[in-house]
$ cat coords_28.cif   # mmCIF, N, CA and C atoms
data_upload
#
loop_
_atom_site.label_atom_id
_atom_site.label_comp_id
_atom_site.auth_asym_id
_atom_site.auth_seq_id
_atom_site.Cartn_x
_atom_site.Cartn_y
_atom_site.Cartn_z
N MET A 1 0.84 -1.17 0.00
CA MET A 1 0.00 0.00 0.00
C MET A 1 0.89 1.24 0.00
N HIS A 2 0.59 2.17 -0.86
CA HIS A 2 1.37 3.40 -1.01
C HIS A 2 0.78 4.50 -0.13
N VAL A 3 1.63 5.12 0.69
CA VAL A 3 1.18 6.21 1.54
C VAL A 3 1.61 7.52 0.89
N ASP A 4 0.68 8.40 0.69
CA ASP A 4 0.96 9.69 0.06
C ASP A 4 1.60 10.62 1.10
N ASP A 5 2.75 11.20 0.76
CA ASP A 5 3.46 12.11 1.67
C ASP A 5 2.63 13.32 2.05
N ARG A 6 1.72 13.73 1.19
CA ARG A 6 0.91 14.91 1.48
C ARG A 6 -0.06 14.69 2.63
N SER A 7 -0.36 13.43 2.94
CA SER A 7 -1.30 13.15 4.02
C SER A 7 -0.60 13.01 5.37
N LEU A 8 0.71 13.05 5.39
CA LEU A 8 1.44 12.91 6.64
C LEU A 8 1.39 14.19 7.47
N PHE A 9 1.56 14.06 8.77
CA PHE A 9 1.59 15.21 9.67
C PHE A 9 2.75 16.14 9.33
N PHE A 10 3.84 15.58 8.90
CA PHE A 10 5.03 16.38 8.63
C PHE A 10 4.93 17.21 7.36
N ASN A 11 3.81 17.15 6.68
CA ASN A 11 3.65 17.94 5.46
C ASN A 11 2.50 18.93 5.60
N LYS A 12 2.49 19.61 6.73
CA LYS A 12 1.48 20.63 6.98
C LYS A 12 2.17 21.95 7.28
N ILE A 13 1.53 23.03 6.87
CA ILE A 13 2.11 24.36 7.07
C ILE A 13 2.30 24.63 8.56
N GLY A 14 1.38 24.17 9.39
CA GLY A 14 1.49 24.37 10.83
C GLY A 14 2.75 23.76 11.41
N TYR A 15 3.09 22.57 10.94
CA TYR A 15 4.32 21.92 11.39
C TYR A 15 5.53 22.74 10.97
N GLY A 16 5.53 23.23 9.76
CA GLY A 16 6.64 24.05 9.28
C GLY A 16 6.76 25.35 10.06
N LEU A 17 5.62 25.97 10.39
CA LEU A 17 5.65 27.18 11.21
C LEU A 17 6.23 26.89 12.59
N LEU A 18 5.82 25.77 13.18
CA LEU A 18 6.34 25.40 14.48
C LEU A 18 7.86 25.21 14.43
N VAL A 19 8.32 24.47 13.46
CA VAL A 19 9.76 24.25 13.30
C VAL A 19 10.47 25.57 13.01
N GLY A 20 9.86 26.41 12.19
CA GLY A 20 10.45 27.68 11.81
C GLY A 20 10.57 28.67 12.95
N PHE A 21 9.71 28.55 13.96
CA PHE A 21 9.80 29.43 15.12
C PHE A 21 10.65 28.83 16.24
N ILE A 22 10.67 27.51 16.36
CA ILE A 22 11.43 26.87 17.44
C ILE A 22 12.92 26.84 17.13
N THR A 23 13.30 26.63 15.89
CA THR A 23 14.72 26.55 15.53
C THR A 23 15.49 27.82 15.90
N PRO A 24 15.00 29.03 15.61
CA PRO A 24 15.73 30.23 16.04
C PRO A 24 15.79 30.39 17.56
N VAL A 25 14.74 29.97 18.25
CA VAL A 25 14.77 30.05 19.71
C VAL A 25 15.85 29.14 20.27
N ILE A 26 15.95 27.94 19.74
CA ILE A 26 16.98 27.00 20.18
C ILE A 26 18.37 27.53 19.87
N SER A 27 18.56 28.09 18.69
CA SER A 27 19.88 28.62 18.35
C SER A 27 20.22 29.84 19.19
N PHE A 28 19.23 30.68 19.53
CA PHE A 28 19.46 31.83 20.41
C PHE A 28 19.88 31.35 21.79
N LEU A 29 19.22 30.32 22.30
CA LEU A 29 19.57 29.78 23.61
C LEU A 29 20.93 29.09 23.58
N LEU A 30 21.26 28.40 22.51
CA LEU A 30 22.58 27.78 22.41
C LEU A 30 23.69 28.83 22.37
N TYR A 31 23.45 29.93 21.69
CA TYR A 31 24.42 31.03 21.68
C TYR A 31 24.61 31.56 23.09
N TYR A 32 23.52 31.70 23.83
CA TYR A 32 23.60 32.15 25.22
C TYR A 32 24.41 31.17 26.06
N ILE A 33 24.12 29.88 25.95
CA ILE A 33 24.78 28.87 26.78
C ILE A 33 26.28 28.81 26.50
N PHE A 34 26.65 28.81 25.22
CA PHE A 34 28.06 28.65 24.89
C PHE A 34 28.86 29.94 24.99
N ARG A 35 28.23 31.06 24.81
CA ARG A 35 28.96 32.33 24.81
C ARG A 35 28.88 33.05 26.15
N PHE A 36 27.71 33.04 26.80
CA PHE A 36 27.49 33.80 28.03
C PHE A 36 26.92 32.92 29.14
N GLY A 37 27.30 31.67 29.18
CA GLY A 37 26.75 30.73 30.16
C GLY A 37 26.99 31.11 31.60
N GLN A 38 28.03 31.89 31.87
CA GLN A 38 28.35 32.25 33.25
C GLN A 38 27.41 33.34 33.80
N TYR A 39 26.67 34.01 32.95
CA TYR A 39 25.72 35.05 33.37
C TYR A 39 24.31 34.48 33.36
N ASN A 40 23.41 35.10 34.11
CA ASN A 40 22.02 34.65 34.02
C ASN A 40 21.39 35.27 32.78
N PHE A 41 20.23 34.75 32.41
CA PHE A 41 19.63 35.11 31.13
C PHE A 41 19.22 36.58 31.07
N SER A 42 18.76 37.15 32.17
CA SER A 42 18.36 38.56 32.16
C SER A 42 19.57 39.47 31.96
N GLU A 43 20.72 39.12 32.56
CA GLU A 43 21.94 39.90 32.33
C GLU A 43 22.38 39.81 30.87
N TYR A 44 22.22 38.64 30.30
CA TYR A 44 22.56 38.41 28.90
C TYR A 44 21.72 39.30 27.99
N LEU A 45 20.41 39.31 28.21
CA LEU A 45 19.53 40.15 27.40
C LEU A 45 19.83 41.63 27.61
N HIS A 46 20.08 42.01 28.85
CA HIS A 46 20.41 43.40 29.15
C HIS A 46 21.68 43.83 28.43
N PHE A 47 22.69 42.94 28.44
CA PHE A 47 23.95 43.23 27.74
C PHE A 47 23.71 43.39 26.24
N LEU A 48 22.93 42.49 25.65
CA LEU A 48 22.67 42.56 24.21
C LEU A 48 21.93 43.83 23.82
N ILE A 49 20.99 44.23 24.64
CA ILE A 49 20.21 45.44 24.33
C ILE A 49 21.06 46.69 24.51
N GLU A 50 21.84 46.74 25.60
CA GLU A 50 22.68 47.92 25.84
C GLU A 50 23.77 48.09 24.79
N SER A 51 24.36 46.99 24.37
CA SER A 51 25.44 47.06 23.39
C SER A 51 24.91 47.10 21.95
N LYS A 52 23.58 47.10 21.81
CA LYS A 52 22.93 47.14 20.49
C LYS A 52 23.33 45.97 19.59
N LYS A 53 23.53 44.83 20.21
CA LYS A 53 23.88 43.61 19.48
C LYS A 53 22.71 42.65 19.36
N ILE A 54 21.58 43.00 19.95
CA ILE A 54 20.43 42.09 19.96
C ILE A 54 19.94 41.78 18.54
N VAL A 55 19.95 42.78 17.68
CA VAL A 55 19.48 42.58 16.31
C VAL A 55 20.43 41.65 15.57
N ASN A 56 21.74 41.81 15.81
CA ASN A 56 22.71 40.94 15.15
C ASN A 56 22.55 39.49 15.59
N VAL A 57 22.39 39.28 16.90
CA VAL A 57 22.25 37.92 17.42
C VAL A 57 20.94 37.30 16.94
N LEU A 58 19.87 38.08 16.94
CA LEU A 58 18.59 37.55 16.45
C LEU A 58 18.68 37.20 14.96
N SER A 59 19.37 38.03 14.19
CA SER A 59 19.53 37.74 12.76
C SER A 59 20.28 36.44 12.55
N LEU A 60 21.33 36.22 13.32
CA LEU A 60 22.08 34.98 13.19
C LEU A 60 21.30 33.78 13.70
N SER A 61 20.39 34.01 14.63
CA SER A 61 19.58 32.92 15.16
C SER A 61 18.58 32.38 14.15
N VAL A 62 18.22 33.19 13.18
CA VAL A 62 17.27 32.76 12.15
C VAL A 62 17.96 31.92 11.07
N LEU A 63 19.25 32.09 10.93
CA LEU A 63 20.01 31.38 9.90
C LEU A 63 19.87 29.86 9.93
N PRO A 64 19.84 29.21 11.11
CA PRO A 64 19.67 27.75 11.12
C PRO A 64 18.36 27.25 10.55
N ASN A 65 17.41 28.13 10.26
CA ASN A 65 16.17 27.70 9.60
C ASN A 65 16.44 27.15 8.21
N LEU A 66 17.60 27.44 7.68
CA LEU A 66 17.96 26.93 6.36
C LEU A 66 18.01 25.41 6.34
N ALA A 67 18.50 24.81 7.43
CA ALA A 67 18.63 23.34 7.49
C ALA A 67 17.27 22.63 7.41
N PRO A 68 16.31 22.96 8.29
CA PRO A 68 15.02 22.26 8.14
C PRO A 68 14.30 22.60 6.85
N PHE A 69 14.47 23.83 6.36
CA PHE A 69 13.84 24.19 5.09
C PHE A 69 14.36 23.29 3.96
N MET A 70 15.67 23.16 3.86
CA MET A 70 16.25 22.34 2.80
C MET A 70 15.87 20.86 2.99
N LEU A 71 15.87 20.41 4.23
CA LEU A 71 15.52 19.02 4.51
C LEU A 71 14.08 18.73 4.10
N LEU A 72 13.18 19.64 4.41
CA LEU A 72 11.77 19.44 4.06
C LEU A 72 11.53 19.54 2.56
N ILE A 73 12.18 20.48 1.92
CA ILE A 73 12.00 20.63 0.47
C ILE A 73 12.57 19.42 -0.28
N ASN A 74 13.74 18.95 0.16
CA ASN A 74 14.36 17.80 -0.51
C ASN A 74 13.61 16.50 -0.26
N SER A 75 12.79 16.44 0.80
CA SER A 75 11.99 15.24 1.05
C SER A 75 10.56 15.40 0.53
N SER A 76 10.35 16.37 -0.34
CA SER A 76 9.05 16.63 -1.00
C SER A 76 7.94 16.99 -0.02
N ARG A 77 8.29 17.60 1.07
CA ARG A 77 7.28 18.10 2.02
C ARG A 77 7.18 19.62 1.83
N TYR A 78 6.58 19.98 0.73
CA TYR A 78 6.56 21.38 0.31
C TYR A 78 5.71 22.27 1.22
N SER A 79 4.63 21.75 1.78
CA SER A 79 3.81 22.55 2.67
C SER A 79 4.56 22.90 3.94
N SER A 80 5.27 21.94 4.52
CA SER A 80 6.06 22.22 5.71
C SER A 80 7.20 23.18 5.38
N GLY A 81 7.81 23.02 4.24
CA GLY A 81 8.85 23.94 3.82
C GLY A 81 8.32 25.35 3.66
N ARG A 82 7.11 25.45 3.16
CA ARG A 82 6.45 26.75 3.03
C ARG A 82 6.21 27.38 4.40
N GLY A 83 5.89 26.55 5.39
CA GLY A 83 5.70 27.04 6.76
C GLY A 83 7.00 27.56 7.36
N VAL A 84 8.09 26.84 7.14
CA VAL A 84 9.39 27.30 7.64
C VAL A 84 9.77 28.61 6.96
N LEU A 85 9.54 28.70 5.68
CA LEU A 85 9.85 29.93 4.95
C LEU A 85 8.99 31.09 5.45
N THR A 86 7.72 30.84 5.72
CA THR A 86 6.83 31.88 6.25
C THR A 86 7.31 32.36 7.62
N ALA A 87 7.68 31.42 8.48
CA ALA A 87 8.18 31.80 9.81
C ALA A 87 9.46 32.61 9.69
N THR A 88 10.33 32.23 8.78
CA THR A 88 11.58 32.96 8.59
C THR A 88 11.32 34.38 8.10
N ILE A 89 10.39 34.53 7.19
CA ILE A 89 10.07 35.87 6.68
C ILE A 89 9.45 36.72 7.79
N LEU A 90 8.54 36.13 8.58
CA LEU A 90 7.93 36.88 9.69
C LEU A 90 8.98 37.31 10.71
N LEU A 91 9.89 36.40 11.05
CA LEU A 91 10.96 36.75 11.98
C LEU A 91 11.86 37.82 11.38
N GLY A 92 12.10 37.76 10.09
CA GLY A 92 12.91 38.78 9.43
C GLY A 92 12.26 40.15 9.51
N VAL A 93 10.96 40.20 9.33
CA VAL A 93 10.23 41.48 9.43
C VAL A 93 10.29 42.01 10.86
N ILE A 94 10.12 41.13 11.84
CA ILE A 94 10.20 41.55 13.24
C ILE A 94 11.59 42.08 13.57
N ILE A 95 12.62 41.39 13.10
CA ILE A 95 14.00 41.84 13.35
C ILE A 95 14.26 43.17 12.65
N PHE A 96 13.73 43.34 11.45
CA PHE A 96 13.89 44.60 10.73
C PHE A 96 13.25 45.75 11.51
N ILE A 97 12.07 45.51 12.07
CA ILE A 97 11.41 46.54 12.87
C ILE A 97 12.21 46.83 14.13
N LEU A 98 12.72 45.78 14.80
CA LEU A 98 13.51 45.97 16.01
C LEU A 98 14.78 46.76 15.75
N LYS A 99 15.32 46.63 14.54
CA LYS A 99 16.54 47.36 14.20
C LYS A 99 16.34 48.87 14.33
N PHE A 100 15.16 49.35 14.00
CA PHE A 100 14.91 50.77 14.07
C PHE A 100 14.31 51.22 15.39
N VAL A 101 13.74 50.28 16.15
CA VAL A 101 13.14 50.63 17.44
C VAL A 101 14.19 50.64 18.55
N LEU A 102 15.09 49.66 18.54
CA LEU A 102 16.10 49.56 19.62
C LEU A 102 17.35 50.33 19.30
#
$ encode --input "coords_28.cif" --output "structure tokens"
Amino acid sequence: MHVDDRSLFFNKIGYGLLVGFITPVISFLLYYIFRFGQYNFSEYLHFLIESKKIVNVLSLSVLPNLAPFMLLINSSRYSSGRGVLTATILLGVIIFILKFVL
């Protein structure tokens, strides 16, 4: 029996949005752990905002979305890939706005 990939849970826009929003959060937290692990999280955020580096770190945190996007597209899960791309674009717009606000 042949199972159509389009009917799988992993081929839904919602799944792609979830992955697209969680991946940058994980990469932001990993940057915190490896770079500023000796400080608590509020000091880390305060440092990033004061030094005006928050936009740079957030921009780099979105970059790992490339991996799940390529993985989903290459496995013919186009709807999930579209969700990751949508999340990336939304995060890019938010970061662009933060660049001028902060």
$ resolve_selection --input "coords_28.cif" --expression "the PyMOL selection byres ((chain A and resi 80) around 7)" --output "list in words"
Phe10, Asn11, Lys12, Ile13, Gly14, Tyr15, Gly16, Leu17, Phe69, Leu72, Ile73, Arg77, Tyr78, Ser79, Gly81, Arg82, Gly83, Val84 and Leu85 of chain A
$ closest_residue --input "coords_28.cif" --among "A:Leu45, A:Ala67, A:Leu98, A:Leu60" --to "Ser27 (chain A)" --atoms "all atoms listed in the file"
A:Leu60
$ atom_distance --input "coords_28.cif" --atom1 "atom N of Ser61 (chain A)" --atom2 "atom N of Gln38 (chain A)"
19.0 Å
$ atom_distance --input "coords_28.cif" --atom1 "atom C of Leu58 (chain A)" --atom2 "atom C of Ile94 (chain A)"
8.7 Å
$ residues_around --input "coords_28.cif" --residues "Thr23 (chain A)" --least-positions-apart "4" --cutoff "6.5 Å" --atoms "all atoms listed in the file" --output "PyMOL selection string"
chain A and resi 18-19+27-28+61-62+64-65
$ axis_aligned_box --input "coords_28.cif" --around "region 12-28 of chain A" --padding-each-side "6 Å" --output "lines of an AutoDock Vina configuration file"
center_x = 10.8
center_y = 25.7
center_z = 14.3
size_x = 30.8
size_y = 24.2
size_z = 27.1
$ closest_residue --input "coords_28.cif" --among "A:Ile54, A:Gly37, A:Leu71, A:Leu66" --to "Ile89 (chain A)" --atoms "only C-alpha atoms"
A:Leu66
$ closest_residue --input "coords_28.cif" --among "A:Ile95, A:Met70, A:Leu90, A:Leu29" --to "Asn56 (chain A)" --atoms "only C-alpha atoms"
A:Ile95
$ select_by_dssp --input "coords_28.cif" --residues "region 9-96 of chain A" --states "alpha helix (DSSP H)" --output "mmCIF file with N, CA and C atoms, in the coordinates of the input"
data_model
loop_
_atom_site.group_PDB
_atom_site.id
_atom_site.type_symbol
_atom_site.label_atom_id
_atom_site.label_comp_id
_atom_site.auth_asym_id
_atom_site.auth_seq_id
_atom_site.Cartn_x
_atom_site.Cartn_y
_atom_site.Cartn_z
ATOM 1 N N ILE A 13 1.530 23.030 6.870
ATOM 2 C CA ILE A 13 2.110 24.360 7.070
ATOM 3 C C ILE A 13 2.300 24.630 8.560
ATOM 4 N N GLY A 14 1.380 24.170 9.390
ATOM 5 C CA GLY A 14 1.490 24.370 10.830
ATOM 6 C C GLY A 14 2.750 23.760 11.410
ATOM 7 N N TYR A 15 3.090 22.570 10.940
ATOM 8 C CA TYR A 15 4.320 21.920 11.390
ATOM 9 C C TYR A 15 5.530 22.740 10.970
ATOM 10 N N GLY A 16 5.530 23.230 9.760
ATOM 11 C CA GLY A 16 6.640 24.050 9.280
ATOM 12 C C GLY A 16 6.760 25.350 10.060
ATOM 13 N N LEU A 17 5.620 25.970 10.390
ATOM 14 C CA LEU A 17 5.650 27.180 11.210
ATOM 15 C C LEU A 17 6.230 26.890 12.590
ATOM 16 N N LEU A 18 5.820 25.770 13.180
ATOM 17 C CA LEU A 18 6.340 25.400 14.480
ATOM 18 C C LEU A 18 7.860 25.210 14.430
ATOM 19 N N VAL A 19 8.320 24.470 13.460
ATOM 20 C CA VAL A 19 9.760 24.250 13.300
ATOM 21 C C VAL A 19 10.470 25.570 13.010
ATOM 22 N N GLY A 20 9.860 26.410 12.190
ATOM 23 C CA GLY A 20 10.450 27.680 11.810
ATOM 24 C C GLY A 20 10.570 28.670 12.950
ATOM 25 N N PHE A 21 9.710 28.550 13.960
ATOM 26 C CA PHE A 21 9.800 29.430 15.120
ATOM 27 C C PHE A 21 10.650 28.830 16.240
ATOM 28 N N ILE A 22 10.670 27.510 16.360
ATOM 29 C CA ILE A 22 11.430 26.870 17.440
ATOM 30 C C ILE A 22 12.920 26.840 17.130
ATOM 31 N N THR A 23 13.300 26.630 15.890
ATOM 32 C CA THR A 23 14.720 26.550 15.530
ATOM 33 C C THR A 23 15.490 27.820 15.900
ATOM 34 N N PRO A 24 15.000 29.030 15.610
ATOM 35 C CA PRO A 24 15.730 30.230 16.040
ATOM 36 C C PRO A 24 15.790 30.390 17.560
ATOM 37 N N VAL A 25 14.740 29.970 18.250
ATOM 38 C CA VAL A 25 14.770 30.050 19.710
ATOM 39 C C VAL A 25 15.850 29.140 20.270
ATOM 40 N N ILE A 26 15.950 27.940 19.740
ATOM 41 C CA ILE A 26 16.980 27.000 20.180
ATOM 42 C C ILE A 26 18.370 27.530 19.870
ATOM 43 N N SER A 27 18.560 28.090 18.690
ATOM 44 C CA SER A 27 19.880 28.620 18.350
ATOM 45 C C SER A 27 20.220 29.840 19.190
ATOM 46 N N PHE A 28 19.230 30.680 19.530
ATOM 47 C CA PHE A 28 19.460 31.830 20.410
ATOM 48 C C PHE A 28 19.880 31.350 21.790
ATOM 49 N N LEU A 29 19.220 30.320 22.300
ATOM 50 C CA LEU A 29 19.570 29.780 23.610
ATOM 51 C C LEU A 29 20.930 29.090 23.580
ATOM 52 N N LEU A 30 21.260 28.400 22.510
ATOM 53 C CA LEU A 30 22.580 27.780 22.410
ATOM 54 C C LEU A 30 23.690 28.830 22.370
ATOM 55 N N TYR A 31 23.450 29.930 21.690
ATOM 56 C CA TYR A 31 24.420 31.030 21.680
ATOM 57 C C TYR A 31 24.610 31.560 23.090
ATOM 58 N N TYR A 32 23.520 31.700 23.830
ATOM 59 C CA TYR A 32 23.600 32.150 25.220
ATOM 60 C C TYR A 32 24.410 31.170 26.060
ATOM 61 N N ILE A 33 24.120 29.880 25.950
ATOM 62 C CA ILE A 33 24.780 28.870 26.780
ATOM 63 C C ILE A 33 26.280 28.810 26.500
ATOM 64 N N PHE A 34 26.650 28.810 25.220
ATOM 65 C CA PHE A 34 28.060 28.650 24.890
ATOM 66 C C PHE A 34 28.860 29.940 24.990
ATOM 67 N N ARG A 35 28.230 31.060 24.810
ATOM 68 C CA ARG A 35 28.960 32.330 24.810
ATOM 69 C C ARG A 35 28.880 33.050 26.150
ATOM 70 N N PHE A 36 27.710 33.040 26.800
ATOM 71 C CA PHE A 36 27.490 33.800 28.030
ATOM 72 C C PHE A 36 26.920 32.920 29.140
ATOM 73 N N PHE A 41 20.230 34.750 32.410
ATOM 74 C CA PHE A 41 19.630 35.110 31.130
ATOM 75 C C PHE A 41 19.220 36.580 31.070
ATOM 76 N N SER A 42 18.760 37.150 32.170
ATOM 77 C CA SER A 42 18.360 38.560 32.160
ATOM 78 C C SER A 42 19.570 39.470 31.960
ATOM 79 N N GLU A 43 20.720 39.120 32.560
ATOM 80 C CA GLU A 43 21.940 39.900 32.330
ATOM 81 C C GLU A 43 22.380 39.810 30.870
ATOM 82 N N TYR A 44 22.220 38.640 30.300
ATOM 83 C CA TYR A 44 22.560 38.410 28.900
ATOM 84 C C TYR A 44 21.720 39.300 27.990
ATOM 85 N N LEU A 45 20.410 39.310 28.210
ATOM 86 C CA LEU A 45 19.530 40.150 27.400
ATOM 87 C C LEU A 45 19.830 41.630 27.610
ATOM 88 N N HIS A 46 20.080 42.010 28.850
ATOM 89 C CA HIS A 46 20.410 43.400 29.150
ATOM 90 C C HIS A 46 21.680 43.830 28.430
ATOM 91 N N PHE A 47 22.690 42.940 28.440
ATOM 92 C CA PHE A 47 23.950 43.230 27.740
ATOM 93 C C PHE A 47 23.710 43.390 26.240
ATOM 94 N N LEU A 48 22.930 42.490 25.650
ATOM 95 C CA LEU A 48 22.670 42.560 24.210
ATOM 96 C C LEU A 48 21.930 43.830 23.820
ATOM 97 N N ILE A 49 20.990 44.230 24.640
ATOM 98 C CA ILE A 49 20.210 45.440 24.330
ATOM 99 C C ILE A 49 21.060 46.690 24.510
ATOM 100 N N GLU A 50 21.840 46.740 25.600
ATOM 101 C CA GLU A 50 22.680 47.920 25.840
ATOM 102 C C GLU A 50 23.770 48.090 24.790
ATOM 103 N N ILE A 54 21.580 43.000 19.950
ATOM 104 C CA ILE A 54 20.430 42.090 19.960
ATOM 105 C C ILE A 54 19.940 41.780 18.540
ATOM 106 N N VAL A 55 19.950 42.780 17.680
ATOM 107 C CA VAL A 55 19.480 42.580 16.310
ATOM 108 C C VAL A 55 20.430 41.650 15.570
ATOM 109 N N ASN A 56 21.740 41.810 15.810
ATOM 110 C CA ASN A 56 22.710 40.940 15.150
ATOM 111 C C ASN A 56 22.550 39.490 15.590
ATOM 112 N N VAL A 57 22.390 39.280 16.900
ATOM 113 C CA VAL A 57 22.250 37.920 17.420
ATOM 114 C C VAL A 57 20.940 37.300 16.940
ATOM 115 N N LEU A 58 19.870 38.080 16.940
ATOM 116 C CA LEU A 58 18.590 37.550 16.450
ATOM 117 C C LEU A 58 18.680 37.200 14.960
ATOM 118 N N SER A 59 19.370 38.030 14.190
ATOM 119 C CA SER A 59 19.530 37.740 12.760
ATOM 120 C C SER A 59 20.280 36.440 12.550
ATOM 121 N N LEU A 60 21.330 36.220 13.320
ATOM 122 C CA LEU A 60 22.080 34.980 13.190
ATOM 123 C C LEU A 60 21.300 33.780 13.700
ATOM 124 N N SER A 61 20.390 34.010 14.630
ATOM 125 C CA SER A 61 19.580 32.920 15.160
ATOM 126 C C SER A 61 18.580 32.380 14.150
ATOM 127 N N VAL A 62 18.220 33.190 13.180
ATOM 128 C CA VAL A 62 17.270 32.760 12.150
ATOM 129 C C VAL A 62 17.960 31.920 11.070
ATOM 130 N N LEU A 66 17.600 27.440 7.680
ATOM 131 C CA LEU A 66 17.960 26.930 6.360
ATOM 132 C C LEU A 66 18.010 25.410 6.340
ATOM 133 N N ALA A 67 18.500 24.810 7.430
ATOM 134 C CA ALA A 67 18.630 23.340 7.490
ATOM 135 C C ALA A 67 17.270 22.630 7.410
ATOM 136 N N PRO A 68 16.310 22.960 8.290
ATOM 137 C CA PRO A 68 15.020 22.260 8.140
ATOM 138 C C PRO A 68 14.300 22.600 6.850
ATOM 139 N N PHE A 69 14.470 23.830 6.360
ATOM 140 C CA PHE A 69 13.840 24.190 5.090
ATOM 141 C C PHE A 69 14.360 23.290 3.960
ATOM 142 N N MET A 70 15.670 23.160 3.860
ATOM 143 C CA MET A 70 16.250 22.340 2.800
ATOM 144 C C MET A 70 15.870 20.860 2.990
ATOM 145 N N LEU A 71 15.870 20.410 4.230
ATOM 146 C CA LEU A 71 15.520 19.020 4.510
ATOM 147 C C LEU A 71 14.080 18.730 4.100
ATOM 148 N N LEU A 72 13.180 19.640 4.410
ATOM 149 C CA LEU A 72 11.770 19.440 4.060
ATOM 150 C C LEU A 72 11.530 19.540 2.560
ATOM 151 N N ILE A 73 12.180 20.480 1.920
ATOM 152 C CA ILE A 73 12.000 20.630 0.470
ATOM 153 C C ILE A 73 12.570 19.420 -0.280
ATOM 154 N N ASN A 74 13.740 18.950 0.160
ATOM 155 C CA ASN A 74 14.360 17.800 -0.510
ATOM 156 C C ASN A 74 13.610 16.500 -0.260
ATOM 157 N N TYR A 78 6.580 19.980 0.730
ATOM 158 C CA TYR A 78 6.560 21.380 0.310
ATOM 159 C C TYR A 78 5.710 22.270 1.220
ATOM 160 N N SER A 79 4.630 21.750 1.780
ATOM 161 C CA SER A 79 3.810 22.550 2.670
ATOM 162 C C SER A 79 4.560 22.900 3.940
ATOM 163 N N SER A 80 5.270 21.940 4.520
ATOM 164 C CA SER A 80 6.060 22.220 5.710
ATOM 165 C C SER A 80 7.200 23.180 5.380
ATOM 166 N N GLY A 81 7.810 23.020 4.240
ATOM 167 C CA GLY A 81 8.850 23.940 3.820
ATOM 168 C C GLY A 81 8.320 25.350 3.660
ATOM 169 N N ARG A 82 7.110 25.450 3.160
ATOM 170 C CA ARG A 82 6.450 26.750 3.030
ATOM 171 C C ARG A 82 6.210 27.380 4.400
ATOM 172 N N GLY A 83 5.890 26.550 5.390
ATOM 173 C CA GLY A 83 5.700 27.040 6.760
ATOM 174 C C GLY A 83 7.000 27.560 7.360
ATOM 175 N N VAL A 84 8.090 26.840 7.140
ATOM 176 C CA VAL A 84 9.390 27.300 7.640
ATOM 177 C C VAL A 84 9.770 28.610 6.960
ATOM 178 N N LEU A 85 9.540 28.700 5.680
ATOM 179 C CA LEU A 85 9.850 29.930 4.950
ATOM 180 C C LEU A 85 8.990 31.090 5.450
ATOM 181 N N THR A 86 7.720 30.840 5.720
ATOM 182 C CA THR A 86 6.830 31.880 6.250
ATOM 183 C C THR A 86 7.310 32.360 7.620
ATOM 184 N N ALA A 87 7.680 31.420 8.480
ATOM 185 C CA ALA A 87 8.180 31.800 9.810
ATOM 186 C C ALA A 87 9.460 32.610 9.690
ATOM 187 N N THR A 88 10.330 32.230 8.780
ATOM 188 C CA THR A 88 11.580 32.960 8.590
ATOM 189 C C THR A 88 11.320 34.380 8.100
ATOM 190 N N ILE A 89 10.390 34.530 7.190
ATOM 191 C CA ILE A 89 10.070 35.870 6.680
ATOM 192 C C ILE A 89 9.450 36.720 7.790
ATOM 193 N N LEU A 90 8.540 36.130 8.580
ATOM 194 C CA LEU A 90 7.930 36.880 9.690
ATOM 195 C C LEU A 90 8.980 37.310 10.710
ATOM 196 N N LEU A 91 9.890 36.400 11.050
ATOM 197 C CA LEU A 91 10.960 36.750 11.980
ATOM 198 C C LEU A 91 11.860 37.820 11.380
ATOM 199 N N GLY A 92 12.100 37.760 10.090
ATOM 200 C CA GLY A 92 12.910 38.780 9.430
ATOM 201 C C GLY A 92 12.260 40.150 9.510
ATOM 202 N N VAL A 93 10.960 40.200 9.330
ATOM 203 C CA VAL A 93 10.230 41.480 9.430
ATOM 204 C C VAL A 93 10.290 42.010 10.860
ATOM 205 N N ILE A 94 10.120 41.130 11.840
ATOM 206 C CA ILE A 94 10.200 41.550 13.240
ATOM 207 C C ILE A 94 11.590 42.080 13.570
ATOM 208 N N ILE A 95 12.620 41.390 13.100
ATOM 209 C CA ILE A 95 14.000 41.840 13.350
ATOM 210 C C ILE A 95 14.260 43.170 12.650
ATOM 211 N N PHE A 96 13.730 43.340 11.450
ATOM 212 C CA PHE A 96 13.890 44.600 10.730
ATOM 213 C C PHE A 96 13.250 45.750 11.510
#
$ atom_distance --input "coords_28.cif" --atom1 "CA of Leu102 (chain A)" --atom2 "CA of Lys52 (chain A)"
7.3 Å
$ residues_around --input "coords_28.cif" --residues "Ile97 (chain A)" --least-positions-apart "6" --cutoff "12 Å" --atoms "only C-alpha atoms" --output "NGL selection string"
:A and (55 or 59 or 90-91)
